[in-house]
$ cat start-v6.cif   # mmCIF, C-alpha atoms
data_model
loop_
_atom_site.label_atom_id
_atom_site.label_comp_id
_atom_site.auth_asym_id
_atom_site.auth_seq_id
_atom_site.Cartn_x
_atom_site.Cartn_y
_atom_site.Cartn_z
CA MET A 1434 20.82 10.28 9.85
CA LYS A 1435 17.97 10.60 7.37
CA LEU A 1436 14.98 8.31 7.03
CA ASP A 1437 14.38 6.45 3.75
CA VAL A 1438 10.92 5.97 2.26
CA LEU A 1439 9.53 3.07 0.25
CA LEU A 1440 6.16 3.50 -1.44
CA GLY A 1441 4.02 2.51 -4.41
CA LEU A 1442 3.71 4.69 -7.51
CA GLN A 1443 0.59 3.19 -9.08
CA TRP A 1444 -2.80 2.08 -7.70
CA GLY A 1445 -1.31 -0.15 -5.03
CA ASP A 1446 -0.37 -3.85 -5.18
CA GLU A 1447 3.06 -2.96 -6.58
CA GLY A 1448 4.98 -5.40 -4.34
CA LYS A 1449 5.94 -3.18 -1.42
CA GLY A 1450 5.79 -5.99 1.14
CA LYS A 1451 8.28 -8.15 -0.72
CA LEU A 1452 10.72 -5.31 -1.19
CA VAL A 1453 10.56 -4.15 2.44
CA ASP A 1454 11.32 -7.73 3.48
CA VAL A 1455 14.27 -7.84 1.06
CA LEU A 1456 15.69 -4.51 2.24
CA THR A 1457 15.05 -4.94 5.98
CA PRO A 1458 18.51 -6.41 6.76
CA ASP A 1459 19.93 -2.99 5.83
CA TYR A 1460 17.76 -1.19 8.42
CA ASP A 1461 17.26 -1.04 12.18
CA VAL A 1462 13.65 0.16 12.13
CA ILE A 1463 10.74 -0.41 9.71
CA ALA A 1464 7.83 1.99 10.26
CA ARG A 1465 4.37 2.01 8.63
CA PHE A 1466 3.13 5.59 8.28
CA GLN A 1467 -0.45 5.40 6.94
CA GLY A 1468 -3.34 3.18 5.91
CA GLY A 1469 -4.72 0.19 7.74
CA PRO A 1470 -5.93 -3.34 7.10
CA ASN A 1471 -7.09 -2.32 3.62
CA ALA A 1472 -3.44 -2.95 2.71
CA GLY A 1473 -2.24 -6.43 1.78
CA HIS A 1474 1.53 -6.76 1.72
CA THR A 1475 2.53 -10.19 0.41
CA LEU A 1476 5.87 -11.79 1.23
CA GLU A 1477 7.14 -15.16 0.01
CA PHE A 1478 10.11 -17.13 1.32
CA ASN A 1479 10.90 -20.72 2.26
CA GLY A 1480 8.03 -21.82 0.03
CA ILE A 1481 5.42 -20.05 2.16
CA LYS A 1482 3.28 -17.02 1.31
CA HIS A 1483 2.61 -14.49 4.06
CA VAL A 1484 0.13 -11.60 3.85
CA LEU A 1485 0.41 -8.68 6.28
CA HIS A 1486 -2.28 -6.02 6.58
CA THR A 1487 -1.19 -3.65 9.35
CA ILE A 1488 2.05 -4.97 10.81
CA PRO A 1489 5.19 -3.68 9.01
CA SER A 1490 6.80 -6.04 6.52
CA GLY A 1491 10.08 -6.24 8.43
CA ILE A 1492 8.51 -8.36 11.17
CA PHE A 1493 10.06 -11.62 9.89
CA ARG A 1494 13.63 -10.38 10.33
CA GLU A 1495 15.39 -10.66 13.69
CA ASN A 1496 16.98 -7.65 15.39
CA VAL A 1497 14.75 -5.20 13.55
CA VAL A 1498 12.13 -3.07 15.30
CA ASN A 1499 8.78 -2.63 13.53
CA VAL A 1500 6.73 0.48 14.33
CA VAL A 1501 3.06 1.06 13.57
CA GLY A 1502 2.98 4.85 13.27
CA ASN A 1503 0.40 7.41 14.33
CA GLY A 1504 -0.89 7.75 10.75
CA VAL A 1505 -2.06 4.12 10.68
CA VAL A 1506 -5.58 3.01 11.66
CA ILE A 1507 -5.86 -0.34 13.47
CA ASP A 1508 -8.63 -2.91 13.56
CA PRO A 1509 -7.93 -4.82 16.82
CA VAL A 1510 -9.58 -8.01 15.52
CA ILE A 1511 -7.52 -8.16 12.31
CA PHE A 1512 -4.41 -7.10 14.23
CA LYS A 1513 -4.89 -9.93 16.72
CA LYS A 1514 -5.28 -12.47 13.91
CA GLU A 1515 -2.09 -11.21 12.27
CA ILE A 1516 -0.18 -11.63 15.51
CA GLU A 1517 -1.58 -15.12 16.08
CA ALA A 1518 -0.55 -16.18 12.57
CA LEU A 1519 2.95 -14.81 13.09
CA THR A 1520 3.28 -16.49 16.47
CA LYS A 1521 2.42 -19.87 14.91
CA LEU A 1522 5.36 -19.34 12.56
CA GLY A 1523 7.68 -18.78 15.51
CA VAL A 1524 7.93 -15.01 15.19
CA ASP A 1525 8.51 -13.28 18.53
CA VAL A 1526 6.14 -10.40 17.80
CA SER A 1527 6.25 -8.71 21.20
CA SER A 1528 10.01 -8.15 20.99
CA ARG A 1529 9.87 -6.72 17.45
CA LEU A 1530 6.70 -4.62 17.41
CA LEU A 1531 5.90 -1.15 18.78
CA ILE A 1532 2.61 0.72 18.31
CA SER A 1533 2.04 4.45 18.38
CA LYS A 1534 -0.24 5.62 21.15
CA LYS A 1535 -1.65 8.08 18.63
CA ALA A 1536 -2.73 5.46 16.06
CA HIS A 1537 -6.53 5.44 15.70
CA LEU A 1538 -8.79 2.45 16.32
CA ILE A 1539 -11.28 1.03 13.83
CA LEU A 1540 -14.52 0.21 15.66
CA PRO A 1541 -17.05 -2.42 14.55
CA THR A 1542 -19.44 0.43 13.77
CA HIS A 1543 -16.85 1.99 11.48
CA ARG A 1544 -17.00 -1.17 9.39
CA LEU A 1545 -20.79 -1.05 9.38
CA LEU A 1546 -20.77 2.59 8.28
CA ASP A 1547 -18.33 1.72 5.50
CA GLN A 1548 -20.58 -1.10 4.33
CA ALA A 1549 -23.73 1.04 4.52
CA SER A 1550 -22.15 3.93 2.63
CA GLU A 1551 -20.78 1.74 -0.16
CA GLN A 1552 -24.09 -0.15 -0.45
CA SER A 1553 -26.03 3.09 -0.78
CA LYS A 1554 -23.92 4.17 -3.79
CA GLY A 1555 -25.34 1.42 -6.00
CA THR A 1556 -23.58 1.39 -9.34
CA ASN A 1557 -21.40 4.35 -8.28
CA LYS A 1558 -19.40 2.35 -5.72
CA ILE A 1559 -15.81 3.50 -5.22
CA GLY A 1560 -14.56 -0.03 -4.56
CA SER A 1561 -14.01 0.21 -0.81
CA THR A 1562 -12.46 -2.79 0.95
CA LEU A 1563 -15.20 -2.36 3.60
CA LYS A 1564 -12.63 -2.44 6.40
CA GLY A 1565 -13.92 0.76 8.02
CA ILE A 1566 -10.90 2.81 6.96
CA GLY A 1567 -12.79 5.84 5.60
CA PRO A 1568 -15.18 6.28 8.55
CA THR A 1569 -12.25 5.93 10.97
CA TYR A 1570 -10.28 8.68 9.26
CA MET A 1571 -13.45 10.79 9.21
CA ASP A 1572 -13.75 10.45 12.99
CA LYS A 1573 -10.05 11.28 13.28
CA THR A 1574 -10.43 14.55 11.40
CA GLY A 1575 -13.76 15.15 13.14
CA ARG A 1576 -11.94 14.85 16.48
CA ASN A 1577 -14.14 12.03 17.70
CA GLY A 1578 -11.76 9.11 17.28
CA LEU A 1579 -10.34 6.67 19.79
CA ARG A 1580 -6.63 5.97 19.82
CA ILE A 1581 -4.35 3.22 21.09
CA GLY A 1582 -3.40 5.34 24.08
CA ASP A 1583 -7.05 5.59 25.08
CA ILE A 1584 -7.44 1.86 25.74
CA HIS A 1585 -5.41 2.26 28.93
CA SER A 1586 -7.64 5.07 30.21
CA ASP A 1587 -10.35 4.65 32.85
CA SER A 1588 -12.70 6.62 30.59
CA PHE A 1589 -12.23 4.32 27.59
CA GLU A 1590 -15.47 2.36 27.99
CA ASN A 1591 -17.52 5.52 28.32
CA ARG A 1592 -15.88 7.15 25.31
CA TYR A 1593 -16.36 3.98 23.28
CA ASN A 1594 -20.06 3.80 24.12
CA ASN A 1595 -20.58 7.47 23.23
CA LEU A 1596 -18.94 7.02 19.83
CA VAL A 1597 -20.94 3.86 19.11
CA ALA A 1598 -24.16 5.70 20.01
CA LYS A 1599 -23.26 8.38 17.50
CA HIS A 1600 -22.58 5.75 14.83
CA LYS A 1601 -25.90 4.00 15.49
CA LYS A 1602 -27.74 7.25 14.81
CA MET A 1603 -25.89 7.55 11.51
CA LEU A 1604 -26.63 3.92 10.60
CA ALA A 1605 -30.34 4.55 11.15
CA HIS A 1606 -30.33 6.57 7.91
CA TYR A 1607 -29.32 3.48 5.90
CA ASP A 1608 -31.14 0.32 4.98
CA LEU A 1609 -28.63 -2.03 6.58
CA GLN A 1610 -29.28 -5.10 8.71
CA TYR A 1611 -26.54 -5.88 11.23
CA ASN A 1612 -25.75 -7.72 14.46
CA LEU A 1613 -23.41 -5.50 16.44
CA ASP A 1614 -23.27 -7.70 19.55
CA GLU A 1615 -21.24 -10.47 17.91
CA MET A 1616 -18.85 -8.03 16.25
CA GLU A 1617 -18.44 -6.10 19.47
CA SER A 1618 -17.61 -9.21 21.52
CA ASP A 1619 -14.68 -10.11 19.24
CA TRP A 1620 -13.52 -6.50 19.16
CA LEU A 1621 -13.46 -6.04 22.94
CA ASP A 1622 -11.61 -9.35 23.32
CA ALA A 1623 -9.02 -8.14 20.81
CA ILE A 1624 -8.60 -4.91 22.77
CA LYS A 1625 -7.36 -7.03 25.70
CA SER A 1626 -4.67 -8.45 23.43
CA LEU A 1627 -3.69 -4.97 22.24
CA LYS A 1628 -3.14 -3.88 25.83
CA LYS A 1629 -0.36 -6.46 26.17
CA LEU A 1630 1.69 -4.90 23.37
CA LYS A 1631 4.10 -2.03 23.90
CA ALA A 1632 2.57 1.36 23.02
CA ILE A 1633 4.96 4.27 22.54
CA ASP A 1634 5.18 7.93 21.59
CA SER A 1635 6.34 6.88 18.13
CA GLU A 1636 7.32 10.35 16.95
CA ARG A 1637 9.84 10.63 19.80
CA TYR A 1638 11.08 7.09 19.24
CA VAL A 1639 11.65 7.45 15.49
CA ASN A 1640 13.40 10.80 15.83
CA GLN A 1641 15.63 9.43 18.60
CA MET A 1642 16.57 6.49 16.41
CA LEU A 1643 17.63 8.92 13.68
CA ARG A 1644 19.63 11.00 16.15
CA ASP A 1645 21.34 7.81 17.33
CA GLY A 1646 22.42 7.05 13.77
CA LYS A 1647 20.01 4.16 13.29
CA LYS A 1648 18.70 3.39 9.82
CA VAL A 1649 14.93 3.80 9.47
CA LEU A 1650 12.77 2.77 6.51
CA ALA A 1651 9.24 4.19 6.24
CA GLU A 1652 6.85 1.72 4.61
CA GLY A 1653 3.89 3.07 2.66
CA ALA A 1654 0.62 1.31 1.90
CA GLN A 1655 -1.67 1.48 -1.16
CA GLY A 1656 -0.18 3.64 -3.95
CA THR A 1657 0.38 7.24 -5.02
CA LEU A 1658 -2.58 7.24 -7.41
CA LEU A 1659 -4.83 6.38 -4.45
CA ASP A 1660 -3.68 9.37 -2.38
CA ILE A 1661 -6.58 11.35 -0.92
CA ASP A 1662 -5.21 14.62 -2.36
CA PHE A 1663 -3.26 13.61 -5.45
CA GLY A 1664 -4.89 10.37 -6.56
CA SER A 1665 -7.75 9.66 -8.98
CA TYR A 1666 -10.33 11.26 -6.69
CA PRO A 1667 -12.93 10.21 -5.55
CA PHE A 1668 -11.71 6.68 -6.28
CA VAL A 1669 -8.96 6.92 -3.68
CA THR A 1670 -8.12 5.81 -0.16
CA SER A 1671 -8.57 8.02 2.92
CA SER A 1672 -4.94 8.82 3.73
CA ASN A 1673 -1.89 10.46 2.20
CA THR A 1674 0.02 7.65 0.52
CA VAL A 1675 2.76 9.95 -0.84
CA SER A 1676 6.19 10.57 0.69
CA ALA A 1677 4.93 13.73 2.42
CA GLY A 1678 2.64 11.43 4.43
CA THR A 1679 5.75 10.13 6.15
CA CYS A 1680 6.12 13.44 7.97
CA THR A 1681 2.59 13.50 9.36
CA GLY A 1682 2.31 9.72 9.72
CA LEU A 1683 5.48 9.32 11.76
CA GLY A 1684 6.15 12.80 13.11
CA VAL A 1685 9.41 13.48 11.29
CA ALA A 1686 10.48 16.78 9.74
CA PRO A 1687 10.74 17.14 5.92
CA GLN A 1688 14.51 17.55 6.11
CA SER A 1689 14.70 14.15 7.79
CA VAL A 1690 13.60 12.38 4.61
CA GLY A 1691 16.47 10.96 2.58
CA ASN A 1692 16.12 8.50 -0.29
CA VAL A 1693 12.69 7.75 -1.73
CA LEU A 1694 12.38 4.37 -3.43
CA GLY A 1695 9.37 4.26 -5.74
CA ILE A 1696 7.96 0.86 -6.67
CA PHE A 1697 6.05 0.10 -9.85
CA LYS A 1698 4.98 -2.98 -11.77
CA ALA A 1699 6.29 -3.55 -15.28
CA TYR A 1700 2.63 -3.12 -16.26
CA CYS A 1701 -0.39 -1.62 -14.44
CA THR A 1702 -3.15 -3.03 -12.25
CA ARG A 1703 -6.03 -1.61 -10.29
CA VAL A 1704 -8.60 -3.06 -7.86
CA GLY A 1705 -12.07 -1.58 -7.60
CA SER A 1706 -13.62 1.31 -9.47
CA GLY A 1707 -11.98 4.38 -10.97
CA PRO A 1708 -10.20 5.57 -14.12
CA PHE A 1709 -7.54 3.36 -15.67
CA PRO A 1710 -6.43 4.76 -19.07
CA THR A 1711 -4.37 1.74 -20.19
CA GLU A 1712 -6.76 -0.98 -18.99
CA LEU A 1713 -7.04 -4.01 -21.27
CA PHE A 1714 -10.43 -5.64 -21.82
CA ASN A 1715 -9.17 -8.42 -24.09
CA GLY A 1716 -7.32 -11.69 -23.81
CA THR A 1717 -4.03 -9.89 -23.24
CA GLY A 1718 -5.37 -8.39 -20.02
CA GLU A 1719 -6.60 -11.79 -18.87
CA GLU A 1720 -3.23 -13.32 -19.74
CA MET A 1721 -1.52 -10.73 -17.52
CA ARG A 1722 -3.97 -11.41 -14.70
CA VAL A 1723 -3.34 -15.14 -14.75
CA ALA A 1724 0.44 -14.90 -15.22
CA GLY A 1725 0.76 -12.32 -12.43
CA ASN A 1726 -1.79 -13.96 -10.10
CA GLU A 1727 -3.50 -10.59 -10.01
CA PHE A 1728 -6.06 -11.05 -7.28
CA GLY A 1729 -6.29 -8.71 -4.29
CA ALA A 1730 -4.33 -9.85 -1.21
CA THR A 1731 -6.95 -8.22 1.03
CA THR A 1732 -10.20 -8.70 -0.90
CA GLY A 1733 -9.42 -11.54 -3.31
CA ARG A 1734 -10.99 -9.50 -6.09
CA PRO A 1735 -9.52 -9.91 -9.59
CA ARG A 1736 -7.35 -6.93 -10.47
CA ARG A 1737 -7.87 -4.94 -13.64
CA CYS A 1738 -4.76 -5.16 -15.83
CA GLY A 1739 -3.20 -2.94 -18.49
CA TRP A 1740 0.00 -1.66 -20.04
CA LEU A 1741 2.47 0.60 -18.24
CA ASP A 1742 1.37 4.26 -18.06
CA LEU A 1743 4.33 6.66 -18.20
CA PRO A 1744 2.44 9.98 -17.77
CA ALA A 1745 0.97 8.59 -14.53
CA LEU A 1746 4.35 7.23 -13.44
CA LYS A 1747 6.12 10.53 -14.14
CA TYR A 1748 3.46 12.29 -12.07
CA SER A 1749 4.06 9.93 -9.13
CA ILE A 1750 7.82 10.37 -9.36
CA MET A 1751 7.38 14.15 -9.27
CA ILE A 1752 4.94 14.17 -6.34
CA ASN A 1753 7.13 11.89 -4.22
CA GLY A 1754 10.58 13.20 -5.09
CA VAL A 1755 11.60 9.66 -6.04
CA THR A 1756 15.37 9.12 -6.09
CA SER A 1757 15.39 5.55 -7.42
CA LEU A 1758 12.93 2.99 -8.78
CA ALA A 1759 12.16 -0.68 -8.34
CA MET A 1760 10.42 -2.49 -11.18
CA MET A 1761 8.38 -5.46 -10.01
CA LYS A 1762 6.96 -8.47 -11.84
CA ALA A 1763 9.17 -8.24 -14.90
CA ASP A 1764 8.76 -12.02 -15.13
CA VAL A 1765 5.02 -11.66 -15.81
CA LEU A 1766 5.70 -10.04 -19.19
CA SER A 1767 7.75 -13.01 -20.43
CA GLY A 1768 6.05 -14.46 -23.49
CA PHE A 1769 4.51 -11.26 -24.82
CA GLU A 1770 5.82 -10.76 -28.37
CA THR A 1771 5.17 -7.01 -28.17
CA ILE A 1772 5.08 -4.87 -25.05
CA ARG A 1773 3.18 -1.62 -25.24
CA VAL A 1774 3.93 1.46 -23.15
CA CYS A 1775 1.70 4.54 -22.88
CA VAL A 1776 3.98 7.54 -23.50
CA HIS A 1777 1.38 10.31 -23.92
CA TYR A 1778 -2.35 10.93 -23.64
CA GLU A 1779 -4.69 12.36 -26.21
CA TYR A 1780 -6.96 14.69 -24.24
CA GLN A 1781 -9.59 17.09 -25.56
CA GLY A 1782 -7.89 17.19 -28.96
CA GLU A 1783 -4.37 17.73 -27.59
CA ARG A 1784 -1.39 15.52 -26.83
CA ILE A 1785 -0.39 15.82 -23.16
CA ASP A 1786 2.21 14.22 -20.89
CA HIS A 1787 0.56 14.75 -17.50
CA LEU A 1788 -2.47 13.60 -15.54
CA PRO A 1789 -5.43 15.89 -16.24
CA PHE A 1790 -7.78 16.98 -13.46
CA ASP A 1791 -10.61 14.85 -14.87
CA MET A 1792 -9.20 11.41 -15.58
CA GLU A 1793 -12.71 10.16 -16.32
CA ASP A 1794 -13.08 12.46 -19.31
CA PRO A 1795 -14.04 10.13 -22.20
CA SER A 1796 -11.69 12.01 -24.52
CA LEU A 1797 -8.66 10.76 -22.54
CA LYS A 1798 -6.93 8.10 -24.65
CA PRO A 1799 -3.50 6.50 -24.26
CA ILE A 1800 -0.90 6.92 -27.00
CA TYR A 1801 1.39 3.91 -27.13
CA THR A 1802 4.85 3.02 -28.32
CA ASP A 1803 5.66 -0.63 -28.97
CA LEU A 1804 8.76 -2.45 -27.76
CA LYS A 1805 10.01 -5.93 -28.52
CA GLY A 1806 9.09 -8.46 -25.84
CA TRP A 1807 11.04 -11.41 -24.50
CA SER A 1808 10.22 -15.10 -24.20
CA GLU A 1809 12.82 -16.21 -21.66
CA ASP A 1810 11.77 -17.37 -18.18
CA LEU A 1811 13.33 -14.81 -15.82
CA THR A 1812 12.44 -16.50 -12.53
CA GLY A 1813 15.64 -18.55 -12.23
CA MET A 1814 18.06 -15.78 -13.19
CA THR A 1815 20.54 -14.62 -10.58
CA ALA A 1816 22.23 -11.61 -12.18
CA GLU A 1817 21.46 -8.73 -14.52
CA SER A 1818 23.91 -10.22 -17.00
CA ASP A 1819 21.43 -13.09 -17.48
CA PHE A 1820 18.69 -10.76 -18.73
CA PRO A 1821 17.56 -11.05 -22.35
CA GLU A 1822 18.46 -8.10 -24.57
CA SER A 1823 14.81 -7.08 -24.95
CA LEU A 1824 14.40 -6.73 -21.17
CA ASN A 1825 17.56 -4.63 -20.96
CA ASP A 1826 16.18 -2.44 -23.75
CA TYR A 1827 12.90 -2.09 -21.84
CA ILE A 1828 14.74 -1.01 -18.70
CA LYS A 1829 16.91 1.50 -20.61
CA PHE A 1830 13.86 2.93 -22.36
CA LEU A 1831 12.04 3.45 -19.05
CA GLU A 1832 15.06 5.00 -17.34
CA ALA A 1833 15.45 7.48 -20.20
CA GLU A 1834 11.74 8.38 -20.24
CA LEU A 1835 11.45 8.66 -16.44
CA ALA A 1836 14.85 10.32 -15.88
CA THR A 1837 15.25 8.16 -12.77
CA PRO A 1838 17.47 5.11 -12.24
CA ILE A 1839 15.85 1.69 -11.84
CA SER A 1840 17.95 0.13 -9.09
CA ILE A 1841 15.99 -3.07 -8.45
CA ILE A 1842 14.30 -5.59 -10.75
CA SER A 1843 11.98 -8.23 -9.28
CA ILE A 1844 11.72 -11.44 -11.33
CA GLY A 1845 9.48 -13.53 -9.08
CA PRO A 1846 7.52 -13.47 -5.82
CA ASP A 1847 10.20 -14.99 -3.57
CA ARG A 1848 12.58 -12.71 -1.68
CA THR A 1849 15.50 -14.39 -3.49
CA GLN A 1850 14.10 -13.46 -6.91
CA THR A 1851 15.36 -9.90 -6.70
CA ILE A 1852 18.15 -8.37 -8.77
CA ASN A 1853 19.91 -5.34 -7.30
CA ARG A 1854 21.37 -3.33 -10.19
CA ASN A 1855 23.48 -1.19 -7.84
#

$ encode --input "start-v6.cif" --output "structure tokens"
Amino acid sequence: MKLDVLLGLQWGDEGKGKLVDVLTPDYDVIARFQGGPNAGHTLEFNGIKHVLHTIPSGIFRENVVNVVGNGVVIDPVIFKKEIEALTKLGVDVSSRLLISKKAHLILPTHRLLDQASEQSKGTNKIGSTLKGIGPTYMDKTGRNGLRIGDIHSDSFENRYNNLVAKHKKMLAHYDLQYNLDEMESDWLDAIKSLKKLKAIDSERYVNQMLRDGKKVLAEGAQGTLLDIDFGSYPFVTSSNTVSAGTCTGLGVAPQSVGNVLGIFKAYCTRVGSGPFPTELFNGTGEEMRVAGNEFGATTGRPRRCGWLDLPALKYSIMINGVTSLAMMKADVLSGFETIRVCVHYEYQGERIDHLPFDMEDPSLKPIYTDLKGWSEDLTGMTAESDFPESLNDYIKFLEAELATPISIISIGPDRTQTINRN
């Protein structure tokens, strides 16, 4: 049995949480393979909105195991709050959730270092969520980090104190006022809660599930264009958000990866700083933001909005080996008389169809083609046959340009507002 992968193809916020929730009944295991509480996966059903940050988006479905993989970084305080919120909704978390012993812990001082570093950049901020993600991954690669498995060790307190002492020395180089005692008290209390959850050797577990013929879906966080290697560096996250990250984030071999479902919005958004070739600075962009409720699920920050960028999308499809696509938020474009799509870039006097190394080069300009929009409200439609002709034309145009089938169309935030074209 091969593992399937679901991930975002843009700058995050594509709607991964909703789609994982929709697809979970077809799987036995949902496994997060990277990122941390900088993610905000939003799910809506039964008239209630739910936002998950670290826990996999299959947690609301019975008889499905949710695994937090070794590639994920965990803030015990945020994790505890997520579990408490789920418990209030009647979700039996302990029976559905497993955590990798090799997943790294975000310390209070990691958050302080994140804050101090971002503050010191002034106008050159990268747009960090200030959750301590970057400093935690730095300690991981620097071989200083603490992992879930360490909290059960007799040496944990000593190792924690040594790492905090190192962080305090680093913080002394910044002009940052902080009260560590209060943060630390909440963190250590949350560690007690973490100890009650089942920690596993997730790489062995996931591979055994595949050998047993179980269906596993790997859930990505953020988006391809935020990948530490292949994204719009340095305005990226600190992990590998691409399909290859599944191998290192869950401990599966490349030949174990099967279908790769790439998710994209019918337009583009971005939170924080960084290049965004098709960004709109006019009323159209604001109209998209309001219609799509484009505010960060984690930070609450308004998202930057713009037209769909095909050179960037083709790049993401190539990097990930995408086998099928899901187009989200098609309903948001209802009412636009004309829909623009970036099909090429003008770059240093040439027309190109790929992402250049320097996406901040001022010569980089989008070249658009215009398509007829639609005015119909899509949110109540139940079948593809209900779609307006202009939407069908939009889908056909994208499939031809991207040379990849679009198998799912989302027409609203609720799990029921999903059209499977298969």

$ residues_around --input "start-v6.cif" --residues "range 1578-1592 of chain A" --least-positions-apart "5" --cutoff "7 Å" --atoms "only C-alpha atoms" --output "list in words"
Lys1534, Lys1535, Ala1536, His1537, Leu1538, Asp1572 and Lys1573 of chain A

$ write_last_selection --input "start-v6.cif" --atoms "C-alpha atoms" --output "short mmCIF file (atom, residue, chain, number, x, y, z; two decimals), keeping the file's coordinate frame"
data_model
loop_
_atom_site.label_atom_id
_atom_site.label_comp_id
_atom_site.auth_asym_id
_atom_site.auth_seq_id
_atom_site.Cartn_x
_atom_site.Cartn_y
_atom_site.Cartn_z
CA LYS A 1534 -0.24 5.62 21.15
CA LYS A 1535 -1.65 8.08 18.63
CA ALA A 1536 -2.73 5.46 16.06
CA HIS A 1537 -6.53 5.44 15.70
CA LEU A 1538 -8.79 2.45 16.32
CA ASP A 1572 -13.75 10.45 12.99
CA LYS A 1573 -10.05 11.28 13.28
#

$ residues_around --input "start-v6.cif" --residues "Thr1849 in chain A" --least-positions-apart "2" --cutoff "10 Å" --atoms "only C-alpha atoms" --output "list in words"
Lys1451, Val1455, Glu1477, Phe1478, Asn1479, Thr1812, Gly1813, Thr1815, Ser1843, Ile1844, Gly1845, Pro1846, Asp1847, Thr1851 and Ile1852 of chain A

$ residues_around --input "start-v6.cif" --residues "Asn1640 in chain A" --least-positions-apart "3" --cutoff "12 Å" --atoms "all atoms listed in the file" --output "PyMOL selection string"
chain A and resi 1434-1436+1462+1464+1634-1637+1643-1649+1680+1683-1686+1688-1690

$ residues_around --input "start-v6.cif" --residues "Ser1840 in chain A" --least-positions-apart "4" --cutoff "7 Å" --atoms "all atoms listed in the file" --output "number ranges by chain"
A: 1757-1759, 1853-1855

$ write_last_selection --input "start-v6.cif" --atoms "C-alpha atoms" --output "compact mmCIF listing (two decimals), in the coordinates of the input"
# COMPACT_ATOMS: atom_id res chain seq x y z
CA SER A 1757 15.39 5.55 -7.42
CA LEU A 1758 12.93 2.99 -8.78
CA ALA A 1759 12.16 -0.68 -8.34
CA ASN A 1853 19.91 -5.34 -7.30
CA ARG A 1854 21.37 -3.33 -10.19
CA ASN A 1855 23.48 -1.19 -7.84

$ axis_aligned_box --input "start-v6.cif" --around "range 1600-1605 of chain A" --padding-each-side "3 Å" --output "JSON"
{"center_x": -26.5, "center_y": 5.7, "center_z": 13.0, "size_x": 13.8, "size_y": 9.6, "size_z": 10.9}

$ resolve_selection --input "start-v6.cif" --expression "the PyMOL selection byres ((chain A and resi 1824-1833) around 9)" --output "JSON, numbers by chain"
{"A": [1743, 1760, 1763, 1772, 1804, 1805, 1806, 1807, 1817, 1820, 1821, 1822, 1823, 1834, 1835, 1836, 1837, 1838, 1839]}

$ atom_distance --input "start-v6.cif" --atom1 "CA of Ser1671 in chain A" --atom2 "CA of Leu1746 in chain A"
20.9 Å

$ closest_residue --input "start-v6.cif" --among "A:Met1792, A:Ile1633, A:Val1776, A:Cys1738" --to "Gly1664 in chain A" --atoms "all atoms listed in the file"
A:Met1792

$ atom_distance --input "start-v6.cif" --atom1 "CA of Glu1615 in chain A" --atom2 "CA of Ile1507 in chain A"
18.9 Å

$ resolve_selection --input "start-v6.cif" --expression "the PyMOL selection byres ((chain A and resi 1495-1502) around 10)" --output "ChimeraX atom specification"
/A:1457-1469,1487-1494,1503-1507,1524-1526,1528-1537,1632-1636,1638-1639,1649-1652,1679,1681-1684

$ residues_around --input "start-v6.cif" --residues "Trp1444 in chain A" --least-positions-apart "4" --cutoff "9 Å" --atoms "all atoms listed in the file" --output "PDB file with C-alpha atoms, keeping the file's coordinate frame"
ATOM      1  CA  GLN A1655      -1.670   1.480  -1.160  1.00  0.00           C
ATOM      2  CA  GLY A1656      -0.180   3.640  -3.950  1.00  0.00           C
ATOM      3  CA  THR A1657       0.380   7.240  -5.020  1.00  0.00           C
ATOM      4  CA  LEU A1658      -2.580   7.240  -7.410  1.00  0.00           C
ATOM      5  CA  LEU A1659      -4.830   6.380  -4.450  1.00  0.00           C
ATOM      6  CA  GLY A1664      -4.890  10.370  -6.560  1.00  0.00           C
ATOM      7  CA  VAL A1669      -8.960   6.920  -3.680  1.00  0.00           C
ATOM      8  CA  CYS A1701      -0.390  -1.620 -14.440  1.00  0.00           C
ATOM      9  CA  THR A1702      -3.150  -3.030 -12.250  1.00  0.00           C
ATOM     10  CA  ARG A1703      -6.030  -1.610 -10.290  1.00  0.00           C
ATOM     11  CA  VAL A1704      -8.600  -3.060  -7.860  1.00  0.00           C
TER      12      VAL A1704
END

$ closest_residue --input "start-v6.cif" --among "A:Asp1614, A:Glu1712, A:Glu1719, A:Glu1809" --to "Gly1739 in chain A" --atoms "all atoms listed in the file"
A:Glu1712

$ atom_distance --input "start-v6.cif" --atom1 "CA of Ala1699 in chain A" --atom2 "CA of Leu1741 in chain A"
6.4 Å

$ closest_residue --input "start-v6.cif" --among "A:Val1510, A:Ala1724, A:Ile1752, A:Leu1788" --to "Val1765 in chain A" --atoms "all atoms listed in the file"
A:Ala1724

$ build_atoms --input "start-v6.cif" --residues "range 1577-1581 of chain A" --atoms "N, CA and C atoms" --output "JSON list (two decimals), in the frame of the given file"
[["chain", "number", "residue", "atom", "x", "y", "z"],
["A", 1577, "ASN", "N", -13.31, 12.93, 16.89],
["A", 1577, "ASN", "CA", -14.14, 12.03, 17.70],
["A", 1577, "ASN", "C", -13.47, 10.68, 17.95],
["A", 1578, "GLY", "N", -12.33, 10.44, 17.30],
["A", 1578, "GLY", "CA", -11.76, 9.11, 17.28],
["A", 1578, "GLY", "C", -11.18, 8.62, 18.59],
["A", 1579, "LEU", "N", -11.01, 7.31, 18.66],
["A", 1579, "LEU", "CA", -10.34, 6.67, 19.79],
["A", 1579, "LEU", "C", -8.98, 6.18, 19.32],
["A", 1580, "ARG", "N", -7.98, 6.33, 20.19],
["A", 1580, "ARG", "CA", -6.63, 5.97, 19.82],
["A", 1580, "ARG", "C", -6.08, 4.86, 20.72],
["A", 1581, "ILE", "N", -4.97, 4.29, 20.32],
["A", 1581, "ILE", "CA", -4.35, 3.22, 21.09],
["A", 1581, "ILE", "C", -4.11, 3.65, 22.53]]
